[in-house]
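Worksheet: one structure, shown below.
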Amino acid sequence: MRQSRLLLPTLREVPAEADSASHAWLLRAGYIRQLAAGVYTYLPLGRRVLRKLEQIVREEMDRAGAQELLLPALQPAELWRESGRYSRYGAELMRLNDRHGREFVLGPTHEEAITSLVKGEVHSYRKLPVSVYQIQTKFRDERRPRFGLLRGREFLMKDAYSFDADWAGLDVSYSLMYQAYRNIMERCQLDYRAVDADSGTIGGEGGSHEFIVFAGIGEDVVAACDHCDYAANIEKASSSHSVNTPPLPGGAALEKMHTPEVHTIEELTQFLQVPPEQLIKTLIYVLDGKQPVAVVVRGDHEVNELKVQAYVGAESIELADPVTVEQATGAPPGFAGPLGLKIPILLDRDVSTLREGIAGANERDYHLRHVSPARDIVTSHIGDFRNVVDGETCPNCQAGKLKLSRGIEVGHIFKLGTKYSQMLGASYLDRNGKQQDIIMGCYGIGISRLLSAVVEQHYDERGIVWPAALAPYRVHIIPVSVKDRQQIELAEQLYEQLARKGIEVLLDDREERPGIKFNDADLIGIPNRIIIGKTAEHGVIEFIKRGKAEVEKITVEEALSRFA
Ligand code: ATP
Ligand code: MG
Ligand code: MG
Ligand code: MG
């Protein structure tokens with residue numbers, strides 16, 4: 001591909017809308033553009049990377065014995081009523097009507113659609129087991145789309161579904177998928193962990209694992225033992241944790257804390273051992289209990305103090321009106337005192353760093369105008385209640401300590417069992433002619449989220465550094481001056497020869513200053529760079545690996561021989 005003709009709009013500045021490293025780099029390097037909140041266009045380079053990811057996922061799914069099909073995104077609401085999820089899925093479900101007023105949804109996931117298909121087509125044990133998958137656009141009206149592709153409202157997912165005659169069969173199907181997911185993570189060169197998880201809205205009675213890619217901006221927290229192989233997401237770790245402790249009436253979690261008097265944000269962040277921007281999350285974190293209680297810090301400009309209020313959340317969607325911590329947790333009046341809840345946190349400095357997380361004070365009426373974003377943050381973390389703390393003893397081995405780390409959920413697999421087959425009536429006749437519910441599993445991986453997660457782990461101060469398997473092109477040829485006949489001829493020649501070998505190569509044939517070309521090359525992150533400059537007349541070029549400092553001067557022949 002010739003760069004002069006490529007739709008590759010790179011940006012010099014970090015766009016204001018960027019709220020994570022991957023988001024910023026993908027915008028700056030011309031991979032994606034936003035059309036609406038949580039809705040993105042993939043520009044040519046972005047599309048190429050997405051395809052590579054799709055291909056890796058396809059290969060691993062095929063290898064695991066799953067077959068590709070394509071289900072509709074547009075689905076009748078009736079089907080969702082049958083499964084009970086039309087209401088239960090809540091506001092995230094995108095709903096619409098056709099011209100006759102019939103109700104439809106845009107699929108956020110496809111258990112209903114696939115179960116309905118299998119119900120109609122599979123009736124005998126002889127047709128089982130069967131596993132299918134699709135790569136398709138999903139729609140979820142996320143309350144707070146953010147971090148670019150990481151939390152979109154329209155996004156690309158691979159979802160697979162297995163159908164077995166019995167639980168032993170499901171165990172086999174599940175472990176094949178588990179292995180496929182591991183292979184995908186490794187092929188994408190991700191630092192990740194497969195962790196025990198709960199089933200969430202998808203539901204089901206069997207086990208579940210999440211594949212978490214470690215990243216500071218991740219919205220998930222992994223608790224992993226430093227001694228045994230125990231690893232669970234924080235919700236799961238918290239629920240197994242509570243087996244050892246009496247059920248907490250919310251407030252008991254507070255009781256465990258010995259909070260010193262906290263007067264400044266500095267003291268608070270020091271006490272909690274978090275950067276100020278994580279304050280809101282951390283408060284939710286430490287104040288957790290069995291009750292869905294979230295706490296938000298609010299500013300009160302009149303007394304110039306921060307106050308803490310608790311919210312009670314319904315299943316993850318709507319929040320009740322603010323209530324006091326005592327009301328929310330059922331703790332006796334005054335109980336919250338030691339926690340600092342009633343302790344005014346006196347503002348002795350600018351709180352601008354906190355404004356993202358809270359409705360800050362200091363500025364007249366700031367908190368009044370910005371309360372709703374703060375509430376959004378609370379709801380988006382309503383699932384975060386936890387009573388596991390960093391460094392506590394691992395419940396599994398009782399020997400090691402639990403270490404908490406942040407990460408991004410890129411994949412999630414579930415043993416569904418008969419939840420959907422029962423609801424929707426998908427059954428088969430067994431060997432003895434007896435009717436049985438089909439045993440299901442489902443397996444999701446966010447392909448567009450994966451793209452961002454890879455960038456989150458693969459960049460330096462100059463731009464993206466793609467793992468070879470995912471780069472949009474394998475080689476980037478840069479003639480320093482296209483006006484120099486010798487340089488451009490050599491560049492063209494190399495370009496032709498590499499292309500003939502089937503190597504994906506990008507030729508920067510633009511009439512730009514070298515500085516601009518190199519900056520763009522660093523931004524877009526192609527792994528192998530060939531610079532053709534003054535030594536072109538001797539058939540010598542410069543070879544550089546993206547992300548490495550060494551520059552090798554080699555002959556054109558040598559360069560060609562490096563790409564089989
Ligand atoms: P999250 O907890 O981040 O909201 P989820 O648990 O709701 O994700 P699943 O229903 O398990 O997601 O869907 C399977 C996969 O789809 C997720 O592991 C993730 O990779 C991807 N995914 C889910 N929601 C989004 C989204 N809004 N944008 C991009 N990818 C998503
Ligand atoms: Mg979700
Ligand atoms: Mg999740
Ligand atoms: Mg999930």
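FYI, nothing fancy with the structure tokens labels: chains A, B, ... in order, residues from 1 per chain, ligands from 1 as they appear.
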
Residues within 8 Å of ligand 3, counting only C-alpha atoms and all ligand atoms, as JSON, numbers by chain:
{"A": [200, 210, 220, 409, 412]}

Resulting file, chosen residues, N, CA and C atoms, as a short mmCIF file (atom, residue, chain, number, x, y, z; two decimals), in the first residue's frame:
data_model
loop_
_atom_site.label_atom_id
_atom_site.label_comp_id
_atom_site.auth_asym_id
_atom_site.auth_seq_id
_atom_site.Cartn_x
_atom_site.Cartn_y
_atom_site.Cartn_z
N GLY A 200 -22.98 -13.37 36.38
CA GLY A 200 -23.57 -12.08 35.99
C GLY A 200 -24.94 -12.23 35.33
N GLU A 210 -13.18 -15.60 33.65
CA GLU A 210 -12.91 -14.39 32.88
C GLU A 210 -11.45 -14.39 32.49
N ASP A 220 -11.74 -4.04 36.11
CA ASP A 220 -11.90 -5.26 36.90
C ASP A 220 -10.70 -5.42 37.82
N GLU A 409 -11.42 -7.07 31.38
CA GLU A 409 -12.06 -8.35 31.02
C GLU A 409 -12.16 -8.41 29.51
N HIS A 412 -14.93 -14.02 28.45
CA HIS A 412 -15.73 -14.55 29.55
C HIS A 412 -16.41 -15.82 29.07
#

To check your reading of the model: which residues sit at most 8 Å from ligand 1 when counting only C-alpha atoms and all ligand atoms? Write the answer as a PyMOL selection string.
chain A and resi 38+108-109+139-142+145+149-159+200-202+210-211+219-220+408-413+443-450

Contacts of Asp196 in chain A at 7 Å (only C-alpha atoms; same-chain gap of 4+ positions) as a PyMOL selection string:
chain A and resi 208-210+231-233+236

Resulting file, chosen residues, N, CA and C atoms, as a PDB file, in the first residue's frame:
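again.pdb, freshly written:
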ATOM      1  N   SER A 208     -17.548 -20.470  35.667  1.00  0.00           N
ATOM      2  CA  SER A 208     -17.323 -19.369  34.750  1.00  0.00           C
ATOM      3  C   SER A 208     -15.898 -18.837  34.943  1.00  0.00           C
ATOM      4  N   HIS A 209     -15.277 -18.468  33.852  1.00  0.00           N
ATOM      5  CA  HIS A 209     -13.948 -17.844  33.930  1.00  0.00           C
ATOM      6  C   HIS A 209     -13.917 -16.557  33.125  1.00  0.00           C
ATOM      7  N   GLU A 210     -13.180 -15.603  33.652  1.00  0.00           N
ATOM      8  CA  GLU A 210     -12.914 -14.393  32.883  1.00  0.00           C
ATOM      9  C   GLU A 210     -11.448 -14.391  32.488  1.00  0.00           C
ATOM     10  N   ALA A 231      -6.879 -17.798  41.627  1.00  0.00           N
ATOM     11  CA  ALA A 231      -7.069 -16.468  41.039  1.00  0.00           C
ATOM     12  C   ALA A 231      -8.550 -16.291  40.756  1.00  0.00           C
ATOM     13  N   ALA A 232      -9.118 -15.215  41.227  1.00  0.00           N
ATOM     14  CA  ALA A 232     -10.549 -14.976  41.022  1.00  0.00           C
ATOM     15  C   ALA A 232     -10.760 -13.492  40.813  1.00  0.00           C
ATOM     16  N   ASN A 233     -11.866 -13.154  40.146  1.00  0.00           N
ATOM     17  CA  ASN A 233     -12.149 -11.727  40.099  1.00  0.00           C
ATOM     18  C   ASN A 233     -12.633 -11.322  41.489  1.00  0.00           C
ATOM     19  N   LYS A 236     -16.006 -12.535  42.860  1.00  0.00           N
ATOM     20  CA  LYS A 236     -15.990 -13.950  43.204  1.00  0.00           C
ATOM     21  C   LYS A 236     -15.171 -14.168  44.479  1.00  0.00           C
TER      22      LYS A 236
END

Using only C-alpha atoms and all ligand atoms, the residue out of A:Leu498, A:Val195, A:Ala399, A:Ala24 with shortest distance to ligand 4 is A:Val195

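Of the residues listed (A:Glu186, A:Glu504, A:Asp98, A:Glu235), A:Glu235 shows the shortest atom-to-atom separation from ligand 4; distances use only C-alpha atoms and all ligand atoms.
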